[in-house]
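Just protein_28.tsv here, TSV, C-alpha atoms and all ligand atoms:
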```tsv
chain	number	residue	atom	x	y	z
A	1	MET	CA	72.36	154.93	116.48
A	2	LYS	CA	72.87	153.92	112.84
A	3	GLN	CA	76.62	154.03	113.45
A	4	LYS	CA	76.32	151.75	116.52
A	5	LEU	CA	74.29	149.25	114.50
A	6	LEU	CA	76.95	149.28	111.77
A	7	ILE	CA	79.71	148.58	114.33
A	8	VAL	CA	77.72	145.68	115.83
A	9	ILE	CA	77.03	144.16	112.36
A	10	THR	CA	80.70	144.56	111.37
A	11	ALA	CA	81.81	142.89	114.63
A	12	MET	CA	79.37	140.03	114.06
A	13	LEU	CA	80.56	139.55	110.49
A	14	CYS	CA	84.17	139.52	111.66
A	15	ALA	CA	83.32	136.95	114.31
A	16	LEU	CA	81.67	134.77	111.64
A	17	VAL	CA	84.71	135.13	109.37
A	18	PHE	CA	86.92	134.18	112.33
A	19	ILE	CA	84.87	131.07	113.10
A	20	PHE	CA	84.85	129.86	109.51
A	21	THR	CA	88.38	130.73	108.49
A	22	GLY	CA	90.33	130.78	111.73
A	23	CYS	CA	91.56	134.20	110.60
A	24	SER	CA	93.95	134.71	113.48
A	25	ASP	CA	96.16	131.77	112.60
A	26	PRO	CA	98.61	131.63	109.73
A	27	GLU	CA	97.41	128.22	108.57
A	28	GLY	CA	93.96	129.74	108.20
A	29	GLN	CA	95.14	131.30	104.93
A	30	GLN	CA	95.08	127.90	103.36
A	31	GLY	CA	92.70	126.88	100.62
A	32	GLN	CA	90.38	123.99	101.24
A	33	ASN	CA	90.88	122.29	97.89
A	34	ASP	CA	94.58	121.63	98.13
A	35	GLN	CA	95.70	118.11	97.68
A	36	THR	CA	96.74	116.44	100.88
A	37	ALA	CA	100.51	116.12	101.07
A	38	PRO	CA	101.89	112.68	100.30
A	39	PRO	CA	102.44	110.77	103.55
A	40	PRO	CA	105.92	111.53	104.77
A	41	SER	CA	108.19	108.55	104.38
A	42	VAL	CA	110.02	107.52	107.50
A	43	GLY	CA	113.38	105.89	107.38
A	44	GLN	CA	113.74	105.98	103.62
A	45	GLY	CA	117.21	107.52	104.06
A	46	LYS	CA	120.21	107.30	101.80
A	47	VAL	CA	120.51	103.52	101.73
A	48	LEU	CA	118.86	101.42	99.04
A	49	VAL	CA	118.58	97.65	99.41
A	50	ALA	CA	117.78	96.22	95.97
A	51	TYR	CA	117.51	92.49	95.43
A	52	PHE	CA	116.52	89.81	92.98
A	53	SER	CA	115.34	86.56	94.51
A	54	ALA	CA	113.80	83.70	92.56
A	55	THR	CA	112.95	81.44	95.50
A	56	GLY	CA	113.00	83.72	98.55
A	57	ASN	CA	116.45	83.09	100.14
A	58	THR	CA	118.02	86.36	99.06
A	59	GLU	CA	114.82	88.19	99.89
A	60	GLY	CA	115.08	87.11	103.55
A	61	VAL	CA	118.60	88.56	103.78
A	62	ALA	CA	117.53	91.75	101.97
A	63	GLU	CA	114.80	92.36	104.54
A	64	ILE	CA	117.29	92.02	107.40
A	65	ILE	CA	119.71	94.44	105.71
A	66	ALA	CA	116.92	96.97	105.11
A	67	ASP	CA	115.80	96.69	108.75
A	68	THR	CA	119.34	97.02	110.07
A	69	THR	CA	120.28	100.00	107.93
A	70	GLY	CA	116.84	101.65	107.84
A	71	GLY	CA	117.25	101.58	104.06
A	72	THR	CA	114.60	101.36	101.35
A	73	LEU	CA	113.81	97.85	100.18
A	74	PHE	CA	113.43	97.40	96.44
A	75	GLU	CA	112.66	94.08	94.79
A	76	ILE	CA	114.06	93.75	91.26
A	77	VAL	CA	111.01	92.20	89.59
A	78	PRO	CA	111.61	90.40	86.29
A	79	GLU	CA	109.21	91.43	83.55
A	80	VAL	CA	108.74	87.72	82.85
A	81	PRO	CA	108.70	85.86	86.17
A	82	TYR	CA	110.83	82.71	86.54
A	83	ASN	CA	108.77	79.55	86.98
A	84	ASP	CA	110.04	76.19	88.26
A	85	ALA	CA	110.92	74.96	84.77
A	86	ASP	CA	112.91	78.17	84.13
A	87	LEU	CA	114.95	77.48	87.27
A	88	ASN	CA	115.50	73.75	86.71
A	89	TYR	CA	119.26	74.01	86.31
A	90	SER	CA	119.68	70.27	85.75
A	91	ASN	CA	118.06	70.92	82.36
A	92	ASP	CA	120.76	72.50	80.17
A	93	ASP	CA	118.10	74.27	78.16
A	94	CYS	CA	116.17	75.85	81.06
A	95	ARG	CA	115.72	79.61	80.81
A	96	ALA	CA	118.11	80.44	83.69
A	97	ASN	CA	120.89	78.32	82.17
A	98	ARG	CA	120.36	79.77	78.71
A	99	GLU	CA	120.60	83.29	80.11
A	100	GLN	CA	123.74	82.52	82.10
A	101	ASN	CA	125.36	81.02	78.99
A	102	ASP	CA	124.59	84.10	76.91
A	103	GLU	CA	126.77	87.02	77.97
A	104	ASN	CA	124.47	89.43	76.16
A	105	ALA	CA	121.29	88.29	77.89
A	106	ARG	CA	119.69	91.16	79.84
A	107	PRO	CA	116.31	89.99	81.20
A	108	ALA	CA	113.95	92.97	81.42
A	109	ILE	CA	112.96	94.45	84.76
A	110	ALA	CA	109.32	95.36	85.39
A	111	ASN	CA	109.83	98.11	87.99
A	112	GLU	CA	112.01	101.14	88.62
A	113	VAL	CA	113.78	102.67	91.63
A	114	GLU	CA	112.23	106.03	92.42
A	115	ASP	CA	114.77	108.82	92.70
A	116	MET	CA	117.91	106.66	92.47
A	117	ALA	CA	119.98	109.87	92.59
A	118	SER	CA	119.07	110.37	96.26
A	119	TYR	CA	120.84	107.19	97.44
A	120	ASP	CA	124.53	107.13	98.14
A	121	LYS	CA	124.85	103.55	99.37
A	122	VAL	CA	123.27	100.76	97.37
A	123	PHE	CA	123.11	97.15	98.51
A	124	ILE	CA	122.42	94.68	95.69
A	125	GLY	CA	121.40	91.12	96.52
A	126	HIS	CA	121.13	88.07	94.27
A	127	PRO	CA	121.33	84.28	94.24
A	128	ILE	CA	124.38	82.59	92.76
A	129	TRP	CA	123.66	81.02	89.40
A	130	TRP	CA	126.50	78.90	88.13
A	131	GLY	CA	128.99	80.81	90.25
A	132	ASP	CA	127.81	84.21	88.97
A	133	ALA	CA	125.12	86.82	89.54
A	134	PRO	CA	121.99	86.25	87.44
A	135	ARG	CA	122.03	88.33	84.25
A	136	ILE	CA	119.14	90.45	85.54
A	137	ILE	CA	121.63	92.03	87.96
A	138	GLN	CA	123.51	93.32	84.92
A	139	THR	CA	120.24	94.72	83.57
A	140	PHE	CA	119.84	96.53	86.89
A	141	LEU	CA	123.42	97.84	86.96
A	142	GLU	CA	123.09	99.13	83.39
A	143	SER	CA	119.77	100.90	84.14
A	144	TYR	CA	121.09	103.56	86.53
A	145	ASP	CA	123.99	105.92	87.09
A	146	PHE	CA	126.01	104.54	90.00
A	147	SER	CA	128.72	107.21	89.95
A	148	GLY	CA	129.41	108.56	93.43
A	149	LYS	CA	127.61	105.64	95.06
A	150	GLU	CA	129.10	102.89	97.20
A	151	VAL	CA	127.79	99.51	96.10
A	152	TYR	CA	127.70	96.50	98.43
A	153	THR	CA	126.56	93.12	97.23
A	154	PHE	CA	125.07	90.21	99.13
A	155	SER	CA	124.38	86.78	97.76
A	156	THR	CA	122.99	83.35	98.63
A	157	SER	CA	123.80	79.93	97.20
A	158	GLY	CA	123.51	76.22	97.90
A	159	SER	CA	127.20	75.84	98.72
A	160	SER	CA	129.33	77.96	96.35
A	161	SER	CA	131.05	81.14	97.50
A	162	GLY	CA	129.97	84.62	96.46
A	163	SER	CA	133.42	85.91	95.56
A	164	GLY	CA	133.32	84.79	91.92
A	165	ALA	CA	130.16	86.82	91.30
A	166	PHE	CA	131.52	89.84	93.20
A	167	ASN	CA	134.83	89.80	91.30
A	168	GLY	CA	133.02	89.24	88.02
A	169	LEU	CA	130.78	92.28	88.51
A	170	SER	CA	133.69	94.42	89.78
A	171	SER	CA	135.74	93.74	86.66
A	172	GLU	CA	132.82	94.02	84.26
A	173	TYR	CA	131.79	97.42	85.68
A	174	PRO	CA	135.07	99.13	86.66
A	175	ASP	CA	133.32	102.51	86.99
A	176	ILE	CA	131.09	101.26	89.78
A	177	ASP	CA	132.53	101.38	93.28
A	178	PHE	CA	131.90	97.80	94.46
A	179	VAL	CA	132.99	97.78	98.10
A	180	GLU	CA	132.31	94.34	99.56
A	181	ASN	CA	130.15	91.23	99.37
A	182	LEU	CA	128.44	89.33	102.17
A	183	HIS	CA	127.63	85.77	101.16
A	184	PHE	CA	125.40	83.08	102.65
A	185	THR	CA	125.38	79.41	101.75
A	186	SER	CA	122.10	77.69	102.57
A	187	SER	CA	123.46	76.43	105.90
A	188	GLN	CA	124.43	79.98	106.92
A	189	LEU	CA	121.00	81.48	106.32
A	190	SER	CA	119.80	80.73	109.85
A	191	SER	CA	122.48	83.06	111.26
A	192	ALA	CA	121.68	85.86	108.79
A	193	GLN	CA	120.47	88.31	111.44
A	194	THR	CA	123.69	88.29	113.49
A	195	ARG	CA	125.98	88.17	110.46
A	196	VAL	CA	124.21	91.12	108.85
A	197	GLU	CA	124.32	93.16	112.06
A	198	SER	CA	128.08	92.62	112.47
A	199	TRP	CA	128.68	93.38	108.80
A	200	ILE	CA	126.72	96.64	108.87
A	201	GLU	CA	128.48	97.66	112.07
A	202	ALA	CA	131.91	96.83	110.58
A	203	LEU	CA	131.03	98.91	107.51
A	204	GLY	CA	130.31	101.84	109.85
A	205	ILE	CA	126.81	102.31	108.50
A	206	THR	CA	124.43	103.76	111.05
A	207	SER	CA	120.80	102.89	110.89
A	208	ASN	CA	118.74	105.73	109.45
A	209	ALA	CA	116.09	104.85	111.96
A	210	GLU	CA	118.56	105.72	114.72
A	211	THR	CA	119.75	108.98	113.20
A	212	ASN	CA	116.16	110.08	112.69
A	213	ARG	CA	115.50	110.15	116.42
A	214	ILE	CA	115.51	113.43	118.29
A	215	SER	CA	114.75	114.45	121.86
A	216	PHE	CA	112.99	117.45	123.40
A	217	THR	CA	113.94	118.43	126.94
A	218	ILE	CA	111.54	120.75	128.75
A	219	GLY	CA	112.21	121.67	132.38
A	220	GLY	CA	114.25	118.54	133.10
A	221	GLU	CA	111.85	116.16	131.36
A	222	THR	CA	112.86	114.54	128.06
A	223	VAL	CA	110.56	113.14	125.38
A	224	TYR	CA	111.40	111.69	121.98
A	225	ALA	CA	110.33	112.00	118.36
A	226	THR	CA	111.12	110.60	114.93
A	227	LEU	CA	112.04	112.88	112.07
A	228	TYR	CA	110.69	112.19	108.59
A	229	ASP	CA	112.93	111.93	105.58
A	230	ASN	CA	112.66	115.26	103.80
A	231	SER	CA	114.91	118.27	103.32
A	232	VAL	CA	113.39	120.33	106.16
A	233	ALA	CA	113.74	117.43	108.62
A	234	ARG	CA	117.36	116.93	107.55
A	235	ASP	CA	117.91	120.69	107.84
A	236	LEU	CA	116.57	120.63	111.40
A	237	ALA	CA	118.75	117.60	112.26
A	238	SER	CA	121.82	119.42	110.96
A	239	ARG	CA	121.15	122.37	113.32
A	240	LEU	CA	121.00	120.25	116.49
A	241	PRO	CA	121.51	120.68	119.39
A	242	LEU	CA	119.27	123.70	119.49
A	243	THR	CA	117.55	125.59	122.31
A	244	LEU	CA	114.33	127.29	121.22
A	245	GLU	CA	111.79	129.48	122.97
A	246	PHE	CA	108.28	128.15	122.38
A	247	SER	CA	104.98	129.91	122.90
A	248	ASP	CA	101.39	128.88	122.46
A	249	TYR	CA	99.55	129.58	119.23
A	250	ASN	CA	95.81	129.40	118.78
A	251	SER	CA	95.46	126.88	121.65
A	252	THR	CA	96.45	124.27	119.07
A	253	GLU	CA	100.19	124.38	118.58
A	254	LYS	CA	103.43	125.45	120.24
A	255	ILE	CA	105.59	127.53	117.95
A	256	ALA	CA	109.22	128.68	117.96
A	257	TYR	CA	111.52	130.61	115.66
A	258	LEU	CA	115.17	129.76	115.08
A	259	PRO	CA	117.43	131.72	117.48
A	260	ASP	CA	119.33	133.39	114.64
A	261	GLY	CA	116.05	134.59	113.16
A	262	SER	CA	116.76	132.77	109.93
A	263	GLU	CA	113.83	131.42	108.00
A	264	ASP	CA	115.78	129.85	105.18
A	265	TRP	CA	114.87	126.22	105.66
A	266	ASP	CA	115.86	123.78	102.94
A	267	LEU	CA	112.60	123.29	101.04
A	268	SER	CA	114.21	121.51	98.09
A	269	ASP	CA	112.68	118.12	98.89
A	270	ALA	CA	109.74	118.63	101.21
A	271	PRO	CA	105.94	118.34	101.00
A	272	THR	CA	104.26	121.73	100.56
A	273	SER	CA	101.24	121.16	102.79
A	274	CYS	CA	99.84	118.79	105.37
A	275	THR	CA	96.91	118.19	107.64
A	276	PRO	CA	98.50	118.18	111.08
A	277	SER	CA	97.37	115.88	113.87
A	278	ALA	CA	98.21	116.17	117.55
A	279	GLY	CA	101.84	115.11	117.95
A	280	ASP	CA	103.02	116.34	114.55
A	281	ILE	CA	106.18	118.39	114.32
A	282	THR	CA	105.93	120.80	111.40
A	283	MET	CA	107.54	123.91	109.95
A	284	TYR	CA	105.35	126.71	108.61
A	285	SER	CA	107.34	127.89	105.62
A	286	PRO	CA	105.72	131.36	105.09
A	287	TRP	CA	106.88	132.38	108.59
A	288	GLY	CA	109.80	130.00	109.11
A	289	ASN	CA	108.67	128.80	112.54
A	290	LEU	CA	108.54	125.29	113.93
A	291	ALA	CA	105.03	124.31	115.01
A	292	ILE	CA	104.36	121.35	117.27
A	293	PHE	CA	100.68	120.49	117.27
A	294	TYR	CA	99.00	119.29	120.44
A	295	ARG	CA	95.55	119.40	118.80
A	296	ASP	CA	94.49	118.27	115.33
A	297	PHE	CA	94.22	121.00	112.71
A	298	ARG	CA	93.05	121.32	109.12
A	299	LEU	CA	94.89	121.01	105.81
A	300	SER	CA	97.34	123.89	105.63
A	301	ASN	CA	99.37	125.18	102.73
A	302	GLY	CA	103.01	125.86	103.48
A	303	LEU	CA	102.98	123.57	106.48
A	304	VAL	CA	105.77	121.02	106.07
A	305	PRO	CA	105.57	117.76	108.05
A	306	VAL	CA	108.91	117.36	109.81
A	307	GLY	CA	108.41	114.55	112.29
A	308	SER	CA	106.20	112.95	114.86
A	309	LEU	CA	106.31	112.94	118.65
A	310	ASP	CA	106.36	109.59	120.43
A	311	ASP	CA	103.26	108.55	122.32
A	312	GLY	CA	103.01	110.44	125.58
A	313	ALA	CA	105.11	113.41	124.44
A	314	ILE	CA	102.16	115.56	123.36
A	315	GLU	CA	101.01	115.98	126.94
A	316	LEU	CA	104.30	117.59	127.94
A	317	PHE	CA	103.88	120.24	125.25
A	318	ALA	CA	100.16	120.72	125.93
A	319	ALA	CA	100.85	121.21	129.66
A	320	GLN	CA	103.04	124.31	129.13
A	321	ASP	CA	100.96	127.36	130.14
A	322	GLU	CA	103.66	129.98	129.71
A	323	ASP	CA	106.37	130.47	127.11
A	324	PHE	CA	108.96	127.76	127.61
A	325	SER	CA	112.45	126.80	126.62
A	326	VAL	CA	113.16	123.51	124.82
A	327	LEU	CA	116.48	121.80	124.16
A	328	ILE	CA	116.19	119.80	120.94
A	329	ALA	CA	118.98	117.25	120.40
A	330	ALA	CA	119.82	114.17	118.36
A	331	ALA	CA	118.81	111.06	120.29
B	401	LIG	C1	119.99	78.41	87.64
B	401	LIG	C2	120.54	78.18	89.02
B	401	LIG	C3	121.91	78.02	89.19
B	401	LIG	C4	122.43	77.85	90.47
B	401	LIG	N1	123.79	77.75	90.59
B	401	LIG	C5	124.31	77.56	91.83
B	401	LIG	C6	125.74	77.47	91.99
B	401	LIG	O1	126.52	77.63	91.06
B	401	LIG	N2	126.19	77.24	93.24
B	401	LIG	C7	125.37	77.07	94.32
B	401	LIG	O2	125.86	76.84	95.41
B	401	LIG	N3	124.03	77.20	94.18
B	401	LIG	C8	123.49	77.43	92.97
B	401	LIG	N4	122.12	77.56	92.84
B	401	LIG	C9	121.28	77.60	94.05
B	401	LIG	C10	120.92	79.02	94.44
B	401	LIG	O3	122.05	79.88	94.40
B	401	LIG	C11	120.39	79.09	95.87
B	401	LIG	O4	119.31	78.22	96.04
B	401	LIG	C12	120.00	80.52	96.25
B	401	LIG	O5	119.95	80.63	97.66
B	401	LIG	C13	118.66	80.90	95.69
B	401	LIG	O6	118.36	82.22	96.06
B	401	LIG	P1	116.89	82.85	95.89
B	401	LIG	O7	115.96	82.00	96.73
B	401	LIG	O8	117.00	84.23	96.43
B	401	LIG	O9	116.56	82.80	94.45
B	401	LIG	C14	121.57	77.76	91.58
B	401	LIG	C15	120.20	77.90	91.39
B	401	LIG	C16	119.69	78.11	90.13
B	401	LIG	C17	118.22	78.27	89.94
```
Can I see the file as C-alpha cells?
Ligand SMILES: Cc1cc2nc3c(=O)[nH]c(=O)nc-3n(C[C@H](O)[C@H](O)[C@H](O)COP(=O)(O)O)c2cc1C
Amino acid sequence: MKQKLLIVITAMLCALVFIFTGCSDPEGQQGQNDQTAPPPSVGQGKVLVAYFSATGNTEGVAEIIADTTGGTLFEIVPEVPYNDADLNYSNDDCRANREQNDENARPAIANEVEDMASYDKVFIGHPIWWGDAPRIIQTFLESYDFSGKEVYTFSTSGSSSGSGAFNGLSSEYPDIDFVENLHFTSSQLSSAQTRVESWIEALGITSNAETNRISFTIGGETVYATLYDNSVARDLASRLPLTLEFSDYNSTEKIAYLPDGSEDWDLSDAPTSCTPSAGDITMYSPWGNLAIFYRDFRLSNGLVPVGSLDDGAIELFAAQDEDFSVLIAAA
C-alpha cells in the first residue's frame, strides 16, 4: 500500500515537473533568465551602401541602391553638421570651401560601420564639391580596411560630372579597388530608380533579398520563406536543394535532421537563443535539427533563428499528421 502511494506521488510530481518545464522537449532545458536573442537582421548581406549627403540628393540615390541590392544603408554623419552658411559655396570662406581647399582637412565622422569586415562590396555616395568628393569621404576611406573589398562610388551634382572625383579617389588610394562610379546631375535625379536598377544588373550584383528566399515543397504544394542573415542561415542556403524527412515534435514544431546525419552547422555568426513564434524556421544546435514552429514557444537556449515562413505557409506544416518529406530549395 505504502509502495503504491509512493508510485502515485512520484507520478504526480513528474507530471508537475512536465507541466512546468516541458521536460519532454529539448528546448525545455533552457533557463528562463537568458537574454532574448537580438532580432535577426534580414537582408543585411554583404553589400554596404555608405553615403554622405548634405542636402538630401545623394541620400535619395543611396536608398534606391540599398533597396536594389538588399544592402545595409549607412549614413556618414559629420561630427559637426553642415549648416546653410557652411555650404554657401559662393562665399570663399565658407566651411565647405575651406575644407576642399585644404588637402589635409579630414572632417570627423560621428558614427561607425558595425562589422565592416563582413562586407565585400561597398558603395560610397557623395555630392560633388568643386569637382571632387567632400573631404569627409577621405575621412571615411581612411577609417577602415578596404583590402579585398570592391568599392563602387555614386555621386550627385548640379551639372558637373562625377569622373573627376572618382579618378581623384582612385589615384589617391591606389590600394583600394575602386570599380566604377554612377553619377547623377540634378536633372538626372528623377530617373534614379531605373538608372540604378540597370547599373546594379550590369554589375552582376544580385539582390540579397532575392538570394535570401527559399521554398518548401510538400506533396506538390510549394510555400516560401525568407532566410535571416546569419551563419546558420547561410549554411542552410549553401546546402540547397535538400530533401528532408520531417516529423512532429511536441505538437509545436516539425523537426528534421540533415540526411548525412551531420550536425556541424556553422555557428560562427549566429544568435545563441531565441523565443520562437509560429512560422519561425530555427536550428536547435545541441541536436543539430531544423525546427519549424507552427505554434509559439518559449525562450530557448541553443535555438538559432534561421528564417521566417511567409504568411499562409504555417498551415501547410501544421496540417501534416504523419512524417513527411520536404524539398527545400533556393527560390
Ligand atoms: C561646397 C559645394 C560645392 C559644390 N560644387 C559643385 C560642383 O563643382 N559642381 C556641381 O555641379 N555642383 C556642385 N555643388 C552642388 C552639389 O554637388 C549638388 O547640389 C549635390 O546634388 C548635393 O548633394 P547632397 O544633397 O547629397 O548634399 C556644390 C555644392 C556645394 C555645397
**Report entry** Neighbourhood of ligand LIG 401 (chain B) at 6 Å, counting all atoms listed in the file, reported as a list in words
**Finding:**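 Those within range of ligand LIG 401 (chain B) are Ser53, Ala54, Thr55, Gly56, Asn57, Thr58, Glu59, Leu87, Tyr89, Ala96, Asn97, Pro127, Ile128, Trp129, Trp130, Gly131, Thr156, Ser157, Gly158, Ser159 and Ser160 of chain A.
Nearest-residue note for A:Glu112: choosing from A:Ala50, A:Val179, A:Leu240, A:Ala318, the minimum distance belongs to A:Ala50, counting all atoms listed in the file.
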Query raised in the report: For A:Arg98, which residue among A:Asp120, A:Ala202, A:Gly288, A:Pro134 is the nearest when counting only C-alpha atoms?
Result: A:Pro134
Find the axis-aligned box for stretch 308-321 of chain A, covering all its listed atoms and adding 4 Å on each side, and write its centre and edge lengths in Å to one decimal as AutoDock Vina command-line options.
```
--center_x 103.3 --center_y 118.0 --center_z 122.5 --size_x 14.2 --size_y 26.8 --size_z 23.3
```
Which neighbours of stretch 270-287 of chain A fall inside 6 Å, counting only C-alpha atoms, when residues of the same chain fewer than 6 positions from it are skipped, and could you give them as a compact mmCIF listing (two decimals) with C-alpha atoms, keeping the file's coordinate frame?
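Writing the result to result_37.txt gives the following:
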```
# COMPACT_ATOMS: atom_id res chain seq x y z
CA THR A 36 96.74 116.44 100.88
CA ALA A 37 100.51 116.12 101.07
CA ASN A 230 112.66 115.26 103.80
CA SER A 231 114.91 118.27 103.32
CA PHE A 293 100.68 120.49 117.27
CA TYR A 294 99.00 119.29 120.44
CA ARG A 295 95.55 119.40 118.80
CA ASP A 296 94.49 118.27 115.33
CA PHE A 297 94.22 121.00 112.71
CA ARG A 298 93.05 121.32 109.12
CA LEU A 299 94.89 121.01 105.81
CA SER A 300 97.34 123.89 105.63
CA ASN A 301 99.37 125.18 102.73
CA GLY A 302 103.01 125.86 103.48
CA LEU A 303 102.98 123.57 106.48
CA VAL A 304 105.77 121.02 106.07
CA PRO A 305 105.57 117.76 108.05
CA VAL A 306 108.91 117.36 109.81
CA GLY A 307 108.41 114.55 112.29
CA SER A 308 106.20 112.95 114.86
CA LEU A 309 106.31 112.94 118.65
CA ILE A 314 102.16 115.56 123.36
```
**Report entry** Shell of 10 Å around stretch 140-152 of chain A, only C-alpha atoms, local chain residues under 5 positions omitted, as a ChimeraX atom specification
**Finding:** /A:47-52,76,106-109,112-113,116-125,135,166,169,173,175-182,203
Query raised in the report: Which is closer to A:Ser163 than all the others in A:Val196, A:Ala133, A:Leu290, A:Ala233, using only C-alpha atoms?
Result: A:Ala133
Requested in this report: Take atom CA of A:Glu75 and atom CA of A:Asp115 and report the distance between them in Å, one decimal.
Outcome: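 Rounded to one decimal, the two atoms are 15.0 Å apart.
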Query raised in the report: Just how far from atom CA of A:Asn83 is atom CA of A:Ala110, in Å to one decimal?
Result: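 So the answer is 15.9 Å.
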Query raised in the report: Do you know which residues are at most 12 Å from A:Phe324 counting all atoms listed in the file, after dropping those on the same chain fewer than 2 positions away, and could you put them as a count of residues only?
Result: 23
**Report entry** Among the residues A:Ile136, A:Leu189, A:Leu227, A:Ile205, the one that comes closest to A:Thr68 [using all atoms listed in the file]
**Finding:** A:Ile205
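Near A:Asp86, within 6 Å and counting all atoms listed in the file, sit Tyr82, Cys94, Arg95 and Ala96 of chain A, not including residues fewer than 4 positions from it in the same chain.
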Query raised in the report: Out of A:Pro241, A:Leu236, A:Tyr249, A:Asn104, which residue has the shortest atom-to-atom distance to A:Asp266 when counting only C-alpha atoms?
Result: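 For A:Asp266, the nearest of the candidates is A:Leu236.
In this model, the gap between atom CA of A:Tyr257 and atom CA of A:Ser215 comes to 17.6 Å.
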Query - Pick from A:Ile65, A:Phe154, A:Lys46, A:Asn111, whichever lies nearest to A:Glu197 using only C-alpha atoms - result: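 Among the listed residues, A:Ile65 lies closest to A:Glu197.
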